[in-house]
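Engineer: Mind having a look at this structure? Questions to follow.
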Amino acid sequence: MSPSVRIAAVQARPVSDLFDDMWNGGDVARAVELLEAAARGGAGCVCFPELYPRVGEAEVCAAARRLGVFVVAGLIEGTRERWHNTATLIGPDGRILARQPKCFPTQNEIDNGVVAGQGYQVVETDIGRLGSVICADFAFFSDGAEALVEQRADIIFNPSWWFALGEAYPGTVIGRHMQYGKPVIGVDIAACALRLRGADGRPVERFPRAGGYSTVCVTPPIASLDELAAWFRTKPGGTNSAHGFVQTLGEDEGILYADVDIDAARRFPGYFYRQTAADLR
C-alpha cells in the first residue's frame, strides 16, 4: 500500500529588496519560517518556488531534518559566474536526494550565468516517485513532463517564477495536469517587482509587480473512464466546476495544501482517454 501525503505549495514573497540580494542569503531565514509553518499544517512534503531561497542549502537541509519533511527547494548549484538553476529534493533526514536543473533557461538567465541542464529524473521515495520540471521547462516545452511520465512519476512539481502574466500560470499547470493525468504541484513566487541594481548602484525595476496564482491539481479518486463520468456528476458546483481537484492561490504570500493519495493517482486512467508512456513516444 502506497502512502497518502500532504503537500504544501509555499508561495513565498522575497524578503530581499533586490533580485541579486538573494545571493547573499537574504531569504534563508524566511524560507525556514515558511517551512516550519507548512510542517505545522501537516505537510510531509514542502515545495518552494523557483530560485527560492536560492542559497542556504545547509539551513534548509537542517530544517528538513528537524521537521522530518521532504523539501523541493529552489537552490543554485555552481558559482556566481556559472551556475545551474535547480529544484533540489531534500529528504526528511536532511540529505539531498537529487538536483533537477532547468534545461531551458531564459535568455536573461543565460546572460546572468545560468547553464542549461541535461535530462529529467524521477526519484523513488517513501512517499512515491517524485519529479520536478522548473518553470518554462514545463509551460513551454514538453520534454520534461514526458520524461517524468515515461519514468512513471507519481507527482510532478513545477517550481516557477513568473515575473509577468501571473494570471496565466494556472492555465499552464491545469493544461499539463489534464494532458498527462498526473498530480501537479505548481508553485509560483508571490507577486513582487523584479528589481536589479543599475550601473549607478541604485535599484532599477526590470519588471513591475507580478507573480502569484500557485496552482495544485490532484487526480480524482477513480480507476476507469466510466467512474470519471460519474465522479464529475457528483462534484460540488456541478459537472462544469473544477472544485475538488484544482486549487489556486491569489497574488499574496501563502501556503496551499493538497492531500495526494498515491495509490489513487497510480490508478487514475487519464482524462477522457487513457494516457500511457508509449503514447508519448
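Ordering of the C-alpha cells sets the chain letters (A, B, ...); residue numbers start at 1 within each chain; ligands are numbered from 1 in the order shown.
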What's around A:Cys135 at 9 Å? Count only C-alpha atoms, leave out sequence neighbours fewer than 3 positions away in its own chain, and write the answer as a ChimeraX atom specification.

Structural biologist: /A:49-50,102,138-140,158-162,186-188

Engineer: Pick out the residues sitting within 8 Å of A:Asp20, and hand them over as a list in words; count only C-alpha atoms, and ignore anything fewer than 3 positions along from it in its own chain.

Structural biologist: Trp23, Asn24, Leu196 and Arg197 of chain A

Engineer: What is the distance between atom CA of A:Cys45 and atom CA of A:Glu150, in Å to one decimal?

Structural biologist: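 So the answer is 22.8 Å.
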
Engineer: Using DSSP on the backbone coordinates, identify the residues of stretch 2-95 of chain A assigned to strand (DSSP E); present them as a PDB file with C-alpha atoms, in the first residue's frame.

Structural biologist:
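Done, and the output landed in states23.pdb:
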ATOM      1  CA  SER A   4      -1.126   9.431   1.171  1.00  0.00           C
ATOM      2  CA  VAL A   5       0.919  12.595   1.550  1.00  0.00           C
ATOM      3  CA  ARG A   6       0.018  16.180   2.360  1.00  0.00           C
ATOM      4  CA  ILE A   7       1.953  18.546   0.117  1.00  0.00           C
ATOM      5  CA  ALA A   8       2.428  22.236   0.838  1.00  0.00           C
ATOM      6  CA  ALA A   9       2.924  24.643  -2.057  1.00  0.00           C
ATOM      7  CA  VAL A  10       4.660  27.628  -0.446  1.00  0.00           C
ATOM      8  CA  GLN A  11       4.050  30.817  -2.433  1.00  0.00           C
ATOM      9  CA  CYS A  45       6.453  17.442   1.594  1.00  0.00           C
ATOM     10  CA  VAL A  46       7.026  21.162   1.006  1.00  0.00           C
ATOM     11  CA  CYS A  47       7.715  22.824  -2.344  1.00  0.00           C
ATOM     12  CA  PRO A  53      15.584  30.765  -1.330  1.00  0.00           C
ATOM     13  CA  ARG A  54      18.379  30.468  -3.923  1.00  0.00           C
ATOM     14  CA  PHE A  70      10.670  16.305   2.223  1.00  0.00           C
ATOM     15  CA  VAL A  71      11.531  19.647   0.616  1.00  0.00           C
ATOM     16  CA  VAL A  72      11.764  20.807  -3.006  1.00  0.00           C
ATOM     17  CA  ALA A  73      13.896  23.960  -2.813  1.00  0.00           C
ATOM     18  CA  GLY A  74      14.960  26.449  -5.482  1.00  0.00           C
ATOM     19  CA  LEU A  75      18.727  26.373  -4.967  1.00  0.00           C
ATOM     20  CA  ILE A  76      21.678  27.290  -7.161  1.00  0.00           C
ATOM     21  CA  GLU A  77      24.472  24.859  -7.956  1.00  0.00           C
ATOM     22  CA  GLY A  78      27.768  26.368  -9.063  1.00  0.00           C
ATOM     23  CA  TRP A  83      25.511  28.013 -12.243  1.00  0.00           C
ATOM     24  CA  HIS A  84      22.549  25.670 -12.567  1.00  0.00           C
ATOM     25  CA  ASN A  85      19.051  26.761 -11.565  1.00  0.00           C
ATOM     26  CA  THR A  86      17.872  23.662  -9.687  1.00  0.00           C
ATOM     27  CA  ALA A  87      14.895  22.132  -7.939  1.00  0.00           C
ATOM     28  CA  THR A  88      16.748  20.336  -5.159  1.00  0.00           C
ATOM     29  CA  LEU A  89      14.941  17.444  -3.474  1.00  0.00           C
ATOM     30  CA  ILE A  90      15.854  17.060   0.206  1.00  0.00           C
TER      31      ILE A  90
END

Engineer: Under the rule that only C-alpha atoms are counted, which of A:Gly171, A:Phe232, A:Pro101, A:Ala164 is the nearest residue to A:Pro208?

Structural biologist: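 Looking at the shortest contact to A:Pro208, the residue is A:Ala164.
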
Engineer: Excluding A:Ile127 and residues on its chain fewer than 2 positions from it, collect all residues at most 12 Å away from it, counting only C-alpha atoms, and give them as a PyMOL selection string.

Structural biologist: chain A and resi 1-7+43-45+69-70+91-92+123-125+129-130+153-155+259-263

Engineer: Produce a file of the selected residues containing N, CA and C atoms, as an mmCIF file, in the first residue's frame.

Structural biologist:
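What landed in out_29.cif:
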data_model
loop_
_atom_site.group_PDB
_atom_site.id
_atom_site.type_symbol
_atom_site.label_atom_id
_atom_site.label_comp_id
_atom_site.auth_asym_id
_atom_site.auth_seq_id
_atom_site.Cartn_x
_atom_site.Cartn_y
_atom_site.Cartn_z
ATOM 1 N N MET A 1 0.849 -1.186 0.000
ATOM 2 C CA MET A 1 0.000 0.000 0.000
ATOM 3 C C MET A 1 0.887 1.240 0.000
ATOM 4 N N SER A 2 0.664 2.126 -0.967
ATOM 5 C CA SER A 2 1.441 3.363 -1.037
ATOM 6 C C SER A 2 0.786 4.429 -0.162
ATOM 7 N N PRO A 3 1.553 5.421 0.250
ATOM 8 C CA PRO A 3 1.046 6.376 1.233
ATOM 9 C C PRO A 3 0.189 7.463 0.616
ATOM 10 N N SER A 4 -0.512 8.161 1.516
ATOM 11 C CA SER A 4 -1.126 9.431 1.171
ATOM 12 C C SER A 4 -0.242 10.501 1.790
ATOM 13 N N VAL A 5 0.015 11.571 1.063
ATOM 14 C CA VAL A 5 0.919 12.595 1.550
ATOM 15 C C VAL A 5 0.286 13.964 1.416
ATOM 16 N N ARG A 6 0.462 14.790 2.431
ATOM 17 C CA ARG A 6 0.018 16.180 2.360
ATOM 18 C C ARG A 6 1.175 17.020 1.834
ATOM 19 N N ILE A 7 0.932 17.718 0.746
ATOM 20 C CA ILE A 7 1.953 18.546 0.117
ATOM 21 C C ILE A 7 1.604 20.010 0.326
ATOM 22 N N ALA A 43 2.092 19.158 6.580
ATOM 23 C CA ALA A 43 2.738 18.777 5.328
ATOM 24 C C ALA A 43 3.855 17.761 5.559
ATOM 25 N N GLY A 44 3.911 16.757 4.701
ATOM 26 C CA GLY A 44 5.014 15.810 4.699
ATOM 27 C C GLY A 44 6.006 16.121 3.610
ATOM 28 N N CYS A 45 5.598 17.020 2.699
ATOM 29 C CA CYS A 45 6.453 17.442 1.594
ATOM 30 C C CYS A 45 6.145 18.906 1.304
ATOM 31 N N VAL A 69 10.535 16.368 7.095
ATOM 32 C CA VAL A 69 9.739 16.541 5.881
ATOM 33 C C VAL A 69 10.629 16.512 4.644
ATOM 34 N N PHE A 70 10.022 16.150 3.516
ATOM 35 C CA PHE A 70 10.670 16.305 2.223
ATOM 36 C C PHE A 70 10.553 17.775 1.809
ATOM 37 N N GLY A 91 15.562 15.044 1.513
ATOM 38 C CA GLY A 91 14.805 14.058 2.259
ATOM 39 C C GLY A 91 14.562 14.473 3.694
ATOM 40 N N PRO A 92 13.688 13.751 4.420
ATOM 41 C CA PRO A 92 13.374 14.093 5.809
ATOM 42 C C PRO A 92 14.534 13.847 6.767
ATOM 43 N N VAL A 123 12.666 10.355 -8.758
ATOM 44 C CA VAL A 123 13.323 9.837 -7.563
ATOM 45 C C VAL A 123 12.329 8.987 -6.783
ATOM 46 N N GLU A 124 12.713 7.746 -6.491
ATOM 47 C CA GLU A 124 11.894 6.858 -5.664
ATOM 48 C C GLU A 124 12.044 7.268 -4.206
ATOM 49 N N THR A 125 10.918 7.539 -3.545
ATOM 50 C CA THR A 125 10.950 7.913 -2.133
ATOM 51 C C THR A 125 9.872 7.146 -1.372
ATOM 52 N N ARG A 129 7.011 8.291 -6.262
ATOM 53 C CA ARG A 129 8.014 8.644 -7.263
ATOM 54 C C ARG A 129 7.847 10.127 -7.619
ATOM 55 N N LEU A 130 8.859 10.924 -7.293
ATOM 56 C CA LEU A 130 8.765 12.378 -7.403
ATOM 57 C C LEU A 130 9.655 12.898 -8.526
ATOM 58 N N ALA A 153 6.381 8.819 -12.918
ATOM 59 C CA ALA A 153 6.295 9.744 -11.790
ATOM 60 C C ALA A 153 4.898 9.704 -11.191
ATOM 61 N N ASP A 154 4.829 9.774 -9.869
ATOM 62 C CA ASP A 154 3.538 9.855 -9.187
ATOM 63 C C ASP A 154 3.100 11.306 -9.009
ATOM 64 N N ILE A 155 4.065 12.189 -8.771
ATOM 65 C CA ILE A 155 3.779 13.610 -8.548
ATOM 66 C C ILE A 155 4.813 14.418 -9.312
ATOM 67 N N ASP A 259 -3.784 17.045 -0.400
ATOM 68 C CA ASP A 259 -3.577 15.666 0.036
ATOM 69 C C ASP A 259 -3.610 14.766 -1.189
ATOM 70 N N VAL A 260 -2.517 14.051 -1.417
ATOM 71 C CA VAL A 260 -2.394 13.197 -2.595
ATOM 72 C C VAL A 260 -2.355 11.742 -2.159
ATOM 73 N N ASP A 261 -3.334 10.965 -2.620
ATOM 74 C CA ASP A 261 -3.371 9.524 -2.402
ATOM 75 C C ASP A 261 -2.579 8.889 -3.543
ATOM 76 N N ILE A 262 -1.405 8.364 -3.247
ATOM 77 C CA ILE A 262 -0.522 7.855 -4.296
ATOM 78 C C ILE A 262 -1.146 6.666 -5.017
ATOM 79 N N ASP A 263 -1.800 5.756 -4.272
ATOM 80 C CA ASP A 263 -2.448 4.617 -4.920
ATOM 81 C C ASP A 263 -3.522 5.079 -5.896
#

Engineer: Could you check the closest approach to A:Ala38 for each of A:Cys217, A:Ala12, A:Val55, A:Asp126 and tell me which residue wins, using only C-alpha atoms?

Structural biologist: A:Ala12

Engineer: Would you mind listing what lies within 12 Å of A:Glu59 as a PyMOL selection string, with only C-alpha atoms counted and same-chain residues fewer than 5 positions away left out?

Structural biologist: chain A and resi 25+27-33+35+53-54+64-66+73+75+90+94-95

Engineer: Report, in Å to a single decimal, how far apart atom CA of A:Val149 and atom CA of A:Cys103 are.

Structural biologist: 16.9 Å

Engineer: Tell me, as a ChimeraX atom specification, which residues lie within 9 Å of stretch 242-258 of chain A, counting only C-alpha atoms; anything in the same chain fewer than 3 positions away does not count.

Structural biologist: /A:5-13,34,37-38,41-43,166-167,170,174,185,189-192,210-220,235-239

Engineer: Which residue, A:His177, A:Arg152, A:Arg82, A:Arg40, has the smallest gap to A:Gly270 when you use only C-alpha atoms?

Structural biologist: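 For A:Gly270, the nearest of the given residues is A:His177.
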
Engineer: What's the separation between atom CA of A:Asp93 and atom CA of A:Glu36, in Å to one decimal place?

Structural biologist: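 Atom-to-atom, atom CA of A:Asp93 and atom CA of A:Glu36 are spaced 15.3 Å apart.
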
Engineer: Could I get the residues of stretch 137-215 of chain A with an atom no further than 8 Å from an atom of stretch 105-122 of chain A, each paired with its nearest atom pair and that distance in Å to one decimal, using only C-alpha atoms, sorted by chain and residue number, as a tab-separated table?

Structural biologist:
residue	atom	partner	partner_atom	distance
A:Asp137	CA	A:Pro105	CA	7.9
A:Gly144	CA	A:Tyr120	CA	6.0
A:Ala147	CA	A:Tyr120	CA	6.3
A:Leu148	CA	A:Val122	CA	6.2
A:Gln151	CA	A:Val122	CA	6.4
A:Arg152	CA	A:Val122	CA	7.8
A:Ala153	CA	A:Val122	CA	6.1
